[in-house]
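One structure is given here, and the rest of the page talks about it.
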Amino acid sequence: MGIARRRFDCLVIGAGGGGLRAALQLAQEDLHVAVVSKVFPTRSHTVAAQGGINAALGNALPDNWHWHMYDTVKGSDYLGDQDAIEYMCRVAPRLVIELEHYGVPFTRLDNGRIYQRAFGGQSQNFGGDQAARTCPAADRTGHALLHTLYQQNMRAQTHFFDEYFAIDLLRDEEGFVVGALVLDIESGEPLVIEAKTTLLATGGACRIFRTSSNAMINTGDGIGMALRAGLPAQDMEFVQFHPTGIAGYGMLISEGVRGEGGYLVNKDGERFMERYAPKALDLASRDVVSRSIAIELREGRGCGPDGDHVLLKVDHLGADLIKKRLPGIRESAMHFAGTDPCEVPIPVAPTAHYSMGGIPTNLHGQVVAPERHGPEEAVPGLYAAGECACVSVHGANRLGGNSLLDIIVFGRAAGEHMAEYIRENPYNRPVADEAVDRAMQGLSRWDRKGDGISVADMYDRMSRVMEQNCSVFRTEEVMAEGVKRILELEEQLEDVRLSDHSRTFNTARIEALELGNLMEVAVATMLSAAARTESRGAHSHVDYPDRDDKNWLKHTLYLKDGHVLDYKPVRMRPLSVEAFPPKERVY
Amino acid sequence: MSTFRQFSIYRYDPDAGGEPRMQSYRLEIPDGSRELMLLDALGMLKAQDESLAFRRSCREGVCGSDGMNINGRNGLACITPLRSIKDPVTLRPLPGLPVIRDLIVDMTQFYNQYRAVKPWLINHEPEPEIERLQTPAERDQLDGLYECILCGCCSTACPSFWWNPDRFLGPAALLQSWRFLADSRDQATAERLDDLEDPYRLFRCHTIMNCSDVCPKNLNPTKAIGKIKAALMKRVG
Amino acid sequence: MLFIINDNAGPIKKAFKYWLCVDILPPPMNAAPQKRPVYLNLFQIRLPIGGMVSILHRVTGVLLVLALPLAVFLLQRSLESAAGFAQVSAWLSPWPVRVLLLLLALTFLQHLYSGIRHLLLDLDIGVDRSSSRNSAWLTLVATALSAVALGWLILA
Amino acid sequence: MKIQPQYIGSTRRGLGEWFAQRVSAVVAAAFGLYFLVALCLAPPTDLETWRAWVLGGGMRLALGLFFAATLIHAWIGMRSVFLDYLKPMSLRLVVSTATGLGLAVIALWVAALLLGAV
């Protein structure tokens, strides 16, 4: 076999916020780190995060991490694991300060501290007044954060494999993950990267939907790789639809817009959130606002000739504030809606935004799978962090501002634990040729010639099924049809052919590999969703409109082999404080 | 009834051999489709011809992947409305950088320039428990600087970069240099200025302003470079 | 390498390096030169107006340097003697020469106007997209107006 | 200790030249404009008035300054042009040497003219 091999201590797959934070931690520990990214790191989707990162700093209004924890548990519709949530909310203030020290240009208060804005689902005193917990850098927080982390990694001399696509994980016979097979996109040559520990930080997968706020690179590669390695995907039915995507395009309009005082109106000019969430209004949790918009549209109160959107009004905030605090939003609205939000409301509709589900991990970022004894058993050598992972801190619905926090907290935690793991397992385990050969099949499969369905066509079919059969509102019948259709498509994936077999920078081949991953995620999502006969958080089942804690307060685990669904309990016990037992969720 | 648009696109595939050439495409725009961006059109062309290669990611103008030369002018395909450009839509790679394939250029040099200005915060003092305090006015100094998306449109529109790509740092890197010089938390001012005072790295800039003219994020590298020069002058006395 | 001169080089080497505009050359930033095409066709790249004016500034600058010996020669001849003065006057009187003289004056003025623009930009005046475009056009308009005024003066 | 590549190339020379280029520009521009306008508005009619104007004390000094500024400006400007366009070092050496010598000759010539011709 002529495949080149490189050997590192740690392999980080994905160079978004999670991957870079972990890599920085590892590089600071003087470990030999390789970061593989299919795009140049600053092109990762973290760059598009807008509103901010949550931490109970209490700079603007009184706050403490325990309130943050309460809001997160409640926001998750009680499906979040409370130990992980406690950990995240506790370390948040320290890690945000650390980011500031790294150079993130946060917006400031007059006293020189970080400005904090109100975001959806935030309260003081366990459900009291609106809190202000989200630390922004204008409305380009993700950009500021990702660039800063990349800069710090340059300083720490992390080794980057830019524009390398990870094809599959390599496992040895004892189940250790020993590296990955990657593809140098530029040359078209495969490469084996051997590592003592591997971190998946490949981001979300909302590209399974046609209308999505996600970058075109968000194709669930890590989840696909984990599934093919025989590992489960957890809670895949929970996909967050962000209430405010630009109508017709799906680009995100940050919740920060509503945090700064913007609000939604229907075609009658009515501020309809007054009816759905009398207290929190437009800052209710995202699932609630998205559902409210969807109801407005369904009942014919949408705007525009097709009645397919509502309006987000901001002009009353004044041009100065908009230009200062929301410049990126203004730019986006001008590009895509063609109007200046300082004068005209922005047309918005819900857009697929975030995968709450993903590869199951514990709060150290270790991937856990029910392989031998129990669902919390760590897979040796494998970690996951960020949107591709499911810790689970977001449960059934993520709060705005918690995603950037998630990647920082668990990217760092994973990095720390990986370093510890390497101290105990100081040698690279051998990588067998058979494992490499198996992984190579995933690549060489695309060398097949002849007629067949094109990648673009197949993507189109798949994303339509997901949009039609697995969207904001789900019914038994629609999902049953969705299951049938998506499984058909999964079979037809065999018939998809590439027409371009060139080597150098063959983006068609990359898209084909991505399609494979998307299909894994789509099947997992569809099957997990069809099985859950309750409504919880983002999973809104019309035939079962209520939450069913008796039967469904549990995580879904989906396994690729035989399309098996399994379940495991939610970790209701926090680390040090009292648990928050489930109760009715009103905003 | 649908409309048609004409494209002429720079094609180069090293595997196929031969020289770069321009290829014509005709694209049918279905009626009733929403306002299309150039990147949407490229996606539609790629569905017809898989071999057409270009970079893209966020498709909303924040990641900087799809910088290209559009009808002679650098820009991002994802935020260029198709309506705003004349037929035939002529697409070429960013000027002055080696072409890997079609519209994809090798940006190694551009990234190295970025790296050369040490684009990270340097502060020698012990870390405080809380934030390094910064007033809103001090923070305002970073506006128009930190937003750079590293798309390369500015540097590859700069004649000084064309002629001295290996020695002149180019507008993007210099903008980032000023981003850190202007940061009230950064303490490496002297070192940064020392690094720049050289006939090539900074002073190849002749205030041509092509960079500011093309920046898709409306940033102004020329202004930043001017401020670096002013800081150098001030240091002398 | 002949041209790599480090900081403790002697005065001769330093002078040499100054002369050549080569400094102690750092290793080229792009270490792996590959056989790849580069798109850099100046006729296909659309230069902004500021870029055009900047090129014009360069071209006129070089022309002025080339005209410098001629100017010194004419100055010297005209100051030398009555005959010299008469001769220079005679050389400069036919209208084709006057047209050339006008062009030279315009070359100087273009260089001057765009130079003033550059100096203002250096002083952080008009360094935004629209002002710099406007000021670039303004230098061209000013040159055109000067052509009319000077043409009237020199040719009439 | 390994020398960081960023430090190797700096001659600490860019600023001085950049500044000289601008100062000389202002001097040359001011006088050049004055000279041009004066010549156009009142072209000299005979040798005597011409000599009296050009070689008058103030004017002679001004002319000297003008040529000094112009030559400095030209030298920096031309070198800048060579630096951009002339890539082979040998060619750059020949052309910049020729230009330098040419400008030096002009400098001597002007000096002789202004100092010698009483």
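The chains in the structure tokens are called A, B, ... from first to last as shown; in each chain the residues are counted from 1, and the ligands are counted from 1 in the order shown.
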Could you give me, as JSON lines, a per-residue list for stretch 173-287 of chain A showing, wherever an atom lies at most 12 Å from an atom of stretch 98-102 of chain B, the closest pair of atoms and their distance in Å to one decimal, using only C-alpha atoms and sorting by chain then residue number from low to high?
```
{"residue": "A:Ile185", "atom": "CA", "partner": "B:Ile100", "partner_atom": "CA", "distance": 10.9}
{"residue": "A:Glu186", "atom": "CA", "partner": "B:Ile100", "partner_atom": "CA", "distance": 7.6}
{"residue": "A:Ser187", "atom": "CA", "partner": "B:Ile100", "partner_atom": "CA", "distance": 9.4}
{"residue": "A:Gly188", "atom": "CA", "partner": "B:Ile100", "partner_atom": "CA", "distance": 12.0}
```
Quick one: which residues from chain A are at most 8 Å off chain B, using only C-alpha atoms, as a ChimeraX atom specification?
/A:42-45,47-48,97,100-103,105-114,140,143-144,148,151-152,154-155,186,214-217,248,251,332,335-336,456-457,498-500,502-508
Among chain D, which ones does DSSP place in alpha helix (DSSP H), written as an mmCIF file with N, CA and C atoms, in the first residue's frame?
```cif
data_model
loop_
_atom_site.group_PDB
_atom_site.id
_atom_site.type_symbol
_atom_site.label_atom_id
_atom_site.label_comp_id
_atom_site.auth_asym_id
_atom_site.auth_seq_id
_atom_site.Cartn_x
_atom_site.Cartn_y
_atom_site.Cartn_z
ATOM 1 N N PRO D 5 12.422 35.146 11.197
ATOM 2 C CA PRO D 5 12.504 35.663 9.833
ATOM 3 C C PRO D 5 11.989 37.098 9.696
ATOM 4 N N GLN D 6 11.048 37.448 10.540
ATOM 5 C CA GLN D 6 10.503 38.792 10.435
ATOM 6 C C GLN D 6 11.564 39.845 10.705
ATOM 7 N N TYR D 7 12.562 39.477 11.480
ATOM 8 C CA TYR D 7 13.560 40.471 11.858
ATOM 9 C C TYR D 7 14.671 40.616 10.831
ATOM 10 N N ILE D 8 14.851 39.620 9.998
ATOM 11 C CA ILE D 8 16.038 39.595 9.164
ATOM 12 C C ILE D 8 16.121 40.796 8.226
ATOM 13 N N GLY D 14 12.819 52.424 5.465
ATOM 14 C CA GLY D 14 11.639 52.763 4.677
ATOM 15 C C GLY D 14 11.084 54.127 4.998
ATOM 16 N N LEU D 15 11.001 54.450 6.278
ATOM 17 C CA LEU D 15 10.338 55.677 6.688
ATOM 18 C C LEU D 15 11.066 56.914 6.178
ATOM 19 N N GLY D 16 12.408 56.917 6.320
ATOM 20 C CA GLY D 16 13.193 58.083 5.901
ATOM 21 C C GLY D 16 12.955 58.395 4.426
ATOM 22 N N GLU D 17 13.017 57.389 3.617
ATOM 23 C CA GLU D 17 12.818 57.594 2.185
ATOM 24 C C GLU D 17 11.409 58.061 1.877
ATOM 25 N N TRP D 18 10.490 57.423 2.555
ATOM 26 C CA TRP D 18 9.090 57.783 2.335
ATOM 27 C C TRP D 18 8.871 59.254 2.656
ATOM 28 N N PHE D 19 9.486 59.681 3.751
ATOM 29 C CA PHE D 19 9.312 61.062 4.176
ATOM 30 C C PHE D 19 10.035 62.020 3.222
ATOM 31 N N ALA D 20 11.262 61.647 2.839
ATOM 32 C CA ALA D 20 12.030 62.496 1.925
ATOM 33 C C ALA D 20 11.271 62.688 0.616
ATOM 34 N N GLN D 21 10.651 61.616 0.162
ATOM 35 C CA GLN D 21 9.886 61.668 -1.077
ATOM 36 C C GLN D 21 8.777 62.715 -0.994
ATOM 37 N N ARG D 22 8.155 62.807 0.178
ATOM 38 C CA ARG D 22 7.045 63.741 0.341
ATOM 39 C C ARG D 22 7.522 65.184 0.524
ATOM 40 N N VAL D 23 8.563 65.356 1.303
ATOM 41 C CA VAL D 23 9.082 66.718 1.506
ATOM 42 C C VAL D 23 9.594 67.282 0.191
ATOM 43 N N SER D 24 10.373 66.467 -0.523
ATOM 44 C CA SER D 24 10.904 66.945 -1.797
ATOM 45 C C SER D 24 9.769 67.234 -2.766
ATOM 46 N N ALA D 25 8.703 66.464 -2.677
ATOM 47 C CA ALA D 25 7.561 66.691 -3.561
ATOM 48 C C ALA D 25 6.967 68.065 -3.308
ATOM 49 N N VAL D 26 6.823 68.402 -2.042
ATOM 50 C CA VAL D 26 6.215 69.692 -1.719
ATOM 51 C C VAL D 26 7.082 70.826 -2.239
ATOM 52 N N VAL D 27 8.387 70.740 -2.022
ATOM 53 C CA VAL D 27 9.305 71.800 -2.470
ATOM 54 C C VAL D 27 9.264 71.911 -4.000
ATOM 55 N N ALA D 28 9.425 70.787 -4.663
ATOM 56 C CA ALA D 28 9.472 70.809 -6.121
ATOM 57 C C ALA D 28 8.146 71.290 -6.693
ATOM 58 N N ALA D 29 7.042 70.853 -6.078
ATOM 59 C CA ALA D 29 5.730 71.226 -6.593
ATOM 60 C C ALA D 29 5.513 72.722 -6.459
ATOM 61 N N ALA D 30 5.853 73.267 -5.300
ATOM 62 C CA ALA D 30 5.615 74.689 -5.067
ATOM 63 C C ALA D 30 6.387 75.533 -6.080
ATOM 64 N N PHE D 31 7.685 75.224 -6.197
ATOM 65 C CA PHE D 31 8.474 76.045 -7.105
ATOM 66 C C PHE D 31 8.109 75.772 -8.561
ATOM 67 N N GLY D 32 7.913 74.526 -8.881
ATOM 68 C CA GLY D 32 7.586 74.151 -10.258
ATOM 69 C C GLY D 32 6.340 74.863 -10.741
ATOM 70 N N LEU D 33 5.359 74.916 -9.850
ATOM 71 C CA LEU D 33 4.105 75.560 -10.223
ATOM 72 C C LEU D 33 4.321 77.056 -10.434
ATOM 73 N N TYR D 34 5.063 77.632 -9.510
ATOM 74 C CA TYR D 34 5.364 79.073 -9.615
ATOM 75 C C TYR D 34 6.083 79.362 -10.933
ATOM 76 N N PHE D 35 7.083 78.575 -11.228
ATOM 77 C CA PHE D 35 7.892 78.746 -12.435
ATOM 78 C C PHE D 35 7.028 78.631 -13.690
ATOM 79 N N LEU D 36 6.190 77.617 -13.688
ATOM 80 C CA LEU D 36 5.335 77.369 -14.843
ATOM 81 C C LEU D 36 4.375 78.528 -15.073
ATOM 82 N N VAL D 37 3.733 78.964 -14.003
ATOM 83 C CA VAL D 37 2.749 80.039 -14.127
ATOM 84 C C VAL D 37 3.439 81.329 -14.561
ATOM 85 N N ALA D 38 4.583 81.597 -13.922
ATOM 86 C CA ALA D 38 5.305 82.830 -14.255
ATOM 87 C C ALA D 38 5.710 82.822 -15.726
ATOM 88 N N LEU D 39 6.213 81.700 -16.191
ATOM 89 C CA LEU D 39 6.659 81.607 -17.580
ATOM 90 C C LEU D 39 5.500 81.785 -18.553
ATOM 91 N N CYS D 40 4.360 81.219 -18.196
ATOM 92 C CA CYS D 40 3.214 81.286 -19.089
ATOM 93 C C CYS D 40 2.631 82.696 -19.123
ATOM 94 N N LEU D 41 2.561 83.319 -17.952
ATOM 95 C CA LEU D 41 1.929 84.627 -17.881
ATOM 96 C C LEU D 41 2.836 85.711 -18.470
ATOM 97 N N LEU D 47 17.263 88.537 -23.236
ATOM 98 C CA LEU D 47 18.220 87.871 -22.372
ATOM 99 C C LEU D 47 18.367 88.562 -21.025
ATOM 100 N N GLU D 48 18.399 89.918 -21.057
ATOM 101 C CA GLU D 48 18.695 90.649 -19.825
ATOM 102 C C GLU D 48 17.639 90.412 -18.749
ATOM 103 N N THR D 49 16.376 90.615 -19.112
ATOM 104 C CA THR D 49 15.325 90.409 -18.110
ATOM 105 C C THR D 49 15.310 88.953 -17.662
ATOM 106 N N TRP D 50 15.535 88.059 -18.588
ATOM 107 C CA TRP D 50 15.552 86.622 -18.312
ATOM 108 C C TRP D 50 16.632 86.285 -17.305
ATOM 109 N N ARG D 51 17.844 86.775 -17.567
ATOM 110 C CA ARG D 51 18.962 86.513 -16.661
ATOM 111 C C ARG D 51 18.713 87.156 -15.298
ATOM 112 N N ALA D 52 18.173 88.376 -15.357
ATOM 113 C CA ALA D 52 17.935 89.092 -14.094
ATOM 114 C C ALA D 52 16.938 88.296 -13.248
ATOM 115 N N TRP D 53 15.942 87.718 -13.933
ATOM 116 C CA TRP D 53 14.925 86.982 -13.175
ATOM 117 C C TRP D 53 15.495 85.668 -12.622
ATOM 118 N N VAL D 54 16.100 84.882 -13.499
ATOM 119 C CA VAL D 54 16.558 83.555 -13.114
ATOM 120 C C VAL D 54 17.734 83.627 -12.132
ATOM 121 N N LEU D 55 18.638 84.538 -12.388
ATOM 122 C CA LEU D 55 19.851 84.525 -11.581
ATOM 123 C C LEU D 55 19.836 85.550 -10.442
ATOM 124 N N GLY D 57 19.276 86.884 -6.745
ATOM 125 C CA GLY D 57 19.702 86.138 -5.556
ATOM 126 C C GLY D 57 18.690 85.131 -5.040
ATOM 127 N N GLY D 58 17.458 85.578 -4.789
ATOM 128 C CA GLY D 58 16.430 84.697 -4.227
ATOM 129 C C GLY D 58 16.098 83.573 -5.180
ATOM 130 N N MET D 59 16.004 83.949 -6.460
ATOM 131 C CA MET D 59 15.585 82.984 -7.454
ATOM 132 C C MET D 59 16.638 81.904 -7.648
ATOM 133 N N ARG D 60 17.880 82.321 -7.569
ATOM 134 C CA ARG D 60 18.956 81.362 -7.767
ATOM 135 C C ARG D 60 18.924 80.296 -6.655
ATOM 136 N N LEU D 61 18.701 80.776 -5.448
ATOM 137 C CA LEU D 61 18.607 79.858 -4.316
ATOM 138 C C LEU D 61 17.418 78.914 -4.494
ATOM 139 N N ALA D 62 16.301 79.550 -4.911
ATOM 140 C CA ALA D 62 15.081 78.761 -5.084
ATOM 141 C C ALA D 62 15.285 77.699 -6.156
ATOM 142 N N LEU D 63 15.930 78.103 -7.262
ATOM 143 C CA LEU D 63 16.178 77.138 -8.341
ATOM 144 C C LEU D 63 17.050 75.997 -7.848
ATOM 145 N N GLY D 64 18.038 76.373 -7.049
ATOM 146 C CA GLY D 64 18.917 75.349 -6.493
ATOM 147 C C GLY D 64 18.129 74.363 -5.662
ATOM 148 N N LEU D 65 17.270 74.890 -4.812
ATOM 149 C CA LEU D 65 16.432 74.038 -3.969
ATOM 150 C C LEU D 65 15.522 73.171 -4.820
ATOM 151 N N PHE D 66 14.947 73.800 -5.842
ATOM 152 C CA PHE D 66 14.025 73.089 -6.717
ATOM 153 C C PHE D 66 14.722 71.890 -7.355
ATOM 154 N N PHE D 67 15.915 72.150 -7.895
ATOM 155 C CA PHE D 67 16.604 71.040 -8.563
ATOM 156 C C PHE D 67 17.031 69.974 -7.560
ATOM 157 N N ALA D 68 17.462 70.420 -6.391
ATOM 158 C CA ALA D 68 17.845 69.430 -5.376
ATOM 159 C C ALA D 68 16.650 68.545 -5.036
ATOM 160 N N ALA D 69 15.512 69.187 -4.783
ATOM 161 C CA ALA D 69 14.317 68.433 -4.414
ATOM 162 C C ALA D 69 13.897 67.519 -5.556
ATOM 163 N N THR D 70 13.908 68.063 -6.772
ATOM 164 C CA THR D 70 13.478 67.272 -7.920
ATOM 165 C C THR D 70 14.365 66.047 -8.106
ATOM 166 N N LEU D 71 15.673 66.257 -7.957
ATOM 167 C CA LEU D 71 16.583 65.129 -8.167
ATOM 168 C C LEU D 71 16.400 64.056 -7.104
ATOM 169 N N ILE D 72 16.204 64.496 -5.856
ATOM 170 C CA ILE D 72 15.953 63.505 -4.797
ATOM 171 C C ILE D 72 14.664 62.757 -5.084
ATOM 172 N N HIS D 73 13.637 63.532 -5.430
ATOM 173 C CA HIS D 73 12.326 62.958 -5.708
ATOM 174 C C HIS D 73 12.417 61.964 -6.874
ATOM 175 N N ALA D 74 13.165 62.370 -7.889
ATOM 176 C CA ALA D 74 13.305 61.515 -9.074
ATOM 177 C C ALA D 74 14.043 60.224 -8.723
ATOM 178 N N TRP D 75 15.080 60.361 -7.944
ATOM 179 C CA TRP D 75 15.884 59.185 -7.599
ATOM 180 C C TRP D 75 15.052 58.178 -6.802
ATOM 181 N N ILE D 76 14.368 58.664 -5.779
ATOM 182 C CA ILE D 76 13.560 57.741 -4.973
ATOM 183 C C ILE D 76 12.445 57.144 -5.829
ATOM 184 N N GLY D 77 11.835 57.998 -6.629
ATOM 185 C CA GLY D 77 10.725 57.527 -7.466
ATOM 186 C C GLY D 77 11.170 56.500 -8.488
ATOM 187 N N MET D 78 12.281 56.783 -9.164
ATOM 188 C CA MET D 78 12.746 55.857 -10.193
ATOM 189 C C MET D 78 13.153 54.525 -9.569
ATOM 190 N N ARG D 79 13.813 54.608 -8.420
ATOM 191 C CA ARG D 79 14.217 53.359 -7.776
ATOM 192 C C ARG D 79 13.008 52.537 -7.388
ATOM 193 N N SER D 80 11.967 53.230 -6.991
ATOM 194 C CA SER D 80 10.742 52.556 -6.630
ATOM 195 C C SER D 80 10.162 51.829 -7.846
ATOM 196 N N VAL D 81 10.240 52.498 -8.982
ATOM 197 C CA VAL D 81 9.746 51.885 -10.220
ATOM 198 C C VAL D 81 10.579 50.649 -10.575
ATOM 199 N N PHE D 82 11.895 50.792 -10.470
ATOM 200 C CA PHE D 82 12.773 49.653 -10.804
ATOM 201 C C PHE D 82 12.497 48.470 -9.864
ATOM 202 N N LEU D 83 12.283 48.836 -8.609
ATOM 203 C CA LEU D 83 12.067 47.804 -7.612
ATOM 204 C C LEU D 83 10.817 46.979 -7.930
ATOM 205 N N ASP D 84 9.838 47.658 -8.496
ATOM 206 C CA ASP D 84 8.614 46.952 -8.843
ATOM 207 C C ASP D 84 8.753 46.117 -10.109
ATOM 208 N N TYR D 85 9.377 46.697 -11.120
ATOM 209 C CA TYR D 85 9.281 46.050 -12.431
ATOM 210 C C TYR D 85 10.534 45.290 -12.859
ATOM 211 N N MET D 89 18.309 40.869 -11.010
ATOM 212 C CA MET D 89 19.160 41.773 -10.247
ATOM 213 C C MET D 89 20.193 42.474 -11.127
ATOM 214 N N SER D 90 20.701 41.769 -12.135
ATOM 215 C CA SER D 90 21.732 42.384 -12.980
ATOM 216 C C SER D 90 21.144 43.551 -13.758
ATOM 217 N N LEU D 91 19.947 43.349 -14.276
ATOM 218 C CA LEU D 91 19.296 44.419 -15.020
ATOM 219 C C LEU D 91 19.028 45.612 -14.101
ATOM 220 N N ARG D 92 18.574 45.285 -12.904
ATOM 221 C CA ARG D 92 18.270 46.350 -11.966
ATOM 222 C C ARG D 92 19.551 47.130 -11.632
ATOM 223 N N LEU D 93 20.632 46.396 -11.480
ATOM 224 C CA LEU D 93 21.908 47.033 -11.172
ATOM 225 C C LEU D 93 22.311 47.997 -12.283
ATOM 226 N N VAL D 94 22.237 47.528 -13.528
ATOM 227 C CA VAL D 94 22.652 48.346 -14.669
ATOM 228 C C VAL D 94 21.767 49.582 -14.782
ATOM 229 N N VAL D 95 20.463 49.364 -14.772
ATOM 230 C CA VAL D 95 19.548 50.477 -14.988
ATOM 231 C C VAL D 95 19.607 51.473 -13.835
ATOM 232 N N SER D 96 19.662 50.981 -12.608
ATOM 233 C CA SER D 96 19.674 51.958 -11.527
ATOM 234 C C SER D 96 21.022 52.673 -11.459
ATOM 235 N N THR D 97 22.102 51.989 -11.845
ATOM 236 C CA THR D 97 23.392 52.673 -11.912
ATOM 237 C C THR D 97 23.360 53.771 -12.972
ATOM 238 N N ALA D 98 22.822 53.425 -14.122
ATOM 239 C CA ALA D 98 22.740 54.412 -15.205
ATOM 240 C C ALA D 98 21.902 55.611 -14.774
ATOM 241 N N THR D 99 20.774 55.329 -14.155
ATOM 242 C CA THR D 99 19.904 56.415 -13.716
ATOM 243 C C THR D 99 20.610 57.269 -12.669
ATOM 244 N N GLY D 100 21.252 56.603 -11.736
ATOM 245 C CA GLY D 100 21.948 57.325 -10.683
ATOM 246 C C GLY D 100 23.031 58.234 -11.273
ATOM 247 N N LEU D 101 23.805 57.676 -12.206
ATOM 248 C CA LEU D 101 24.862 58.482 -12.833
ATOM 249 C C LEU D 101 24.252 59.649 -13.591
ATOM 250 N N GLY D 102 23.195 59.355 -14.326
ATOM 251 C CA GLY D 102 22.516 60.412 -15.102
ATOM 252 C C GLY D 102 22.074 61.545 -14.193
ATOM 253 N N LEU D 103 21.433 61.172 -13.094
ATOM 254 C CA LEU D 103 20.934 62.206 -12.189
ATOM 255 C C LEU D 103 22.096 62.965 -11.547
ATOM 256 N N ALA D 104 23.192 62.257 -11.293
ATOM 257 C CA ALA D 104 24.362 62.921 -10.717
ATOM 258 C C ALA D 104 24.932 63.928 -11.703
ATOM 259 N N VAL D 105 24.995 63.544 -12.966
ATOM 260 C CA VAL D 105 25.482 64.460 -13.996
ATOM 261 C C VAL D 105 24.625 65.713 -14.048
ATOM 262 N N ILE D 106 23.336 65.510 -14.020
ATOM 263 C CA ILE D 106 22.426 66.660 -14.042
ATOM 264 C C ILE D 106 22.666 67.545 -12.826
ATOM 265 N N ALA D 107 22.868 66.908 -11.676
ATOM 266 C CA ALA D 107 23.102 67.679 -10.460
ATOM 267 C C ALA D 107 24.342 68.561 -10.621
ATOM 268 N N LEU D 108 25.422 67.986 -11.147
ATOM 269 C CA LEU D 108 26.663 68.754 -11.332
ATOM 270 C C LEU D 108 26.452 69.879 -12.334
ATOM 271 N N TRP D 109 25.763 69.529 -13.375
ATOM 272 C CA TRP D 109 25.492 70.491 -14.443
ATOM 273 C C TRP D 109 24.732 71.697 -13.885
ATOM 274 N N VAL D 110 23.673 71.403 -13.148
ATOM 275 C CA VAL D 110 22.876 72.481 -12.565
ATOM 276 C C VAL D 110 23.721 73.294 -11.591
ATOM 277 N N ALA D 111 24.516 72.584 -10.815
ATOM 278 C CA ALA D 111 25.354 73.289 -9.852
ATOM 279 C C ALA D 111 26.303 74.246 -10.571
ATOM 280 N N ALA D 112 26.904 73.736 -11.640
ATOM 281 C CA ALA D 112 27.820 74.586 -12.407
ATOM 282 C C ALA D 112 27.096 75.795 -12.964
ATOM 283 N N LEU D 113 25.912 75.537 -13.466
ATOM 284 C CA LEU D 113 25.117 76.600 -14.076
ATOM 285 C C LEU D 113 24.780 77.693 -13.061
ATOM 286 N N LEU D 114 24.329 77.244 -11.891
ATOM 287 C CA LEU D 114 23.860 78.220 -10.912
ATOM 288 C C LEU D 114 25.012 78.908 -10.196
ATOM 289 N N LEU D 115 26.096 78.159 -9.989
ATOM 290 C CA LEU D 115 27.225 78.754 -9.266
ATOM 291 C C LEU D 115 28.161 79.484 -10.224
ATOM 292 N N GLY D 116 28.372 78.880 -11.386
ATOM 293 C CA GLY D 116 29.369 79.401 -12.312
ATOM 294 C C GLY D 116 28.908 80.636 -13.068
#
```
Any chance you could tabulate, as CSV, the residues of stretch 151-208 of chain B at most 12 Å from stretch 49-63 of chain C with each one's nearest atom pair and distance in Å to one decimal, using only C-alpha atoms, in chain and rising number order?
```
residue,atom,partner,partner_atom,distance
B:Ala157,CA,C:Gly51,CA,9.6
B:Cys158,CA,C:Gly51,CA,8.8
B:Pro159,CA,C:Gly51,CA,8.5
B:Ser160,CA,C:Gly51,CA,11.1
B:Cys205,CA,C:Ser54,CA,11.5
B:His206,CA,C:Ser54,CA,8.2
B:Thr207,CA,C:Ser54,CA,8.2
B:Ile208,CA,C:Gly51,CA,5.4
```
Put those residues in a file: N, CA and C atoms, as a JSON list (two decimals), in the first residue's frame.
```json
[["chain", "number", "residue", "atom", "x", "y", "z"],
["B", 157, "ALA", "N", -5.85, 42.64, -5.52],
["B", 157, "ALA", "CA", -6.18, 43.76, -6.40],
["B", 157, "ALA", "C", -5.09, 44.81, -6.34],
["B", 158, "CYS", "N", -4.04, 44.53, -5.57],
["B", 158, "CYS", "CA", -3.04, 45.55, -5.28],
["B", 158, "CYS", "C", -1.82, 45.38, -6.19],
["B", 159, "PRO", "N", -1.53, 46.37, -7.04],
["B", 159, "PRO", "CA", -0.38, 46.25, -7.93],
["B", 159, "PRO", "C", 0.93, 46.03, -7.17],
["B", 160, "SER", "N", 1.07, 46.65, -6.01],
["B", 160, "SER", "CA", 2.31, 46.44, -5.26],
["B", 160, "SER", "C", 2.45, 44.98, -4.85],
["B", 205, "CYS", "N", 3.48, 50.13, -0.27],
["B", 205, "CYS", "CA", 2.13, 50.68, -0.47],
["B", 205, "CYS", "C", 2.26, 52.08, -1.02],
["B", 206, "HIS", "N", 1.66, 52.30, -2.20],
["B", 206, "HIS", "CA", 1.72, 53.62, -2.82],
["B", 206, "HIS", "C", 0.36, 54.31, -2.76],
["B", 207, "THR", "N", -0.45, 53.95, -1.80],
["B", 207, "THR", "CA", -1.76, 54.58, -1.64],
["B", 207, "THR", "C", -2.57, 54.53, -2.95],
["B", 208, "ILE", "N", -2.51, 53.41, -3.61],
["B", 208, "ILE", "CA", -3.26, 53.26, -4.85],
["B", 208, "ILE", "C", -4.75, 53.11, -4.53]]
```
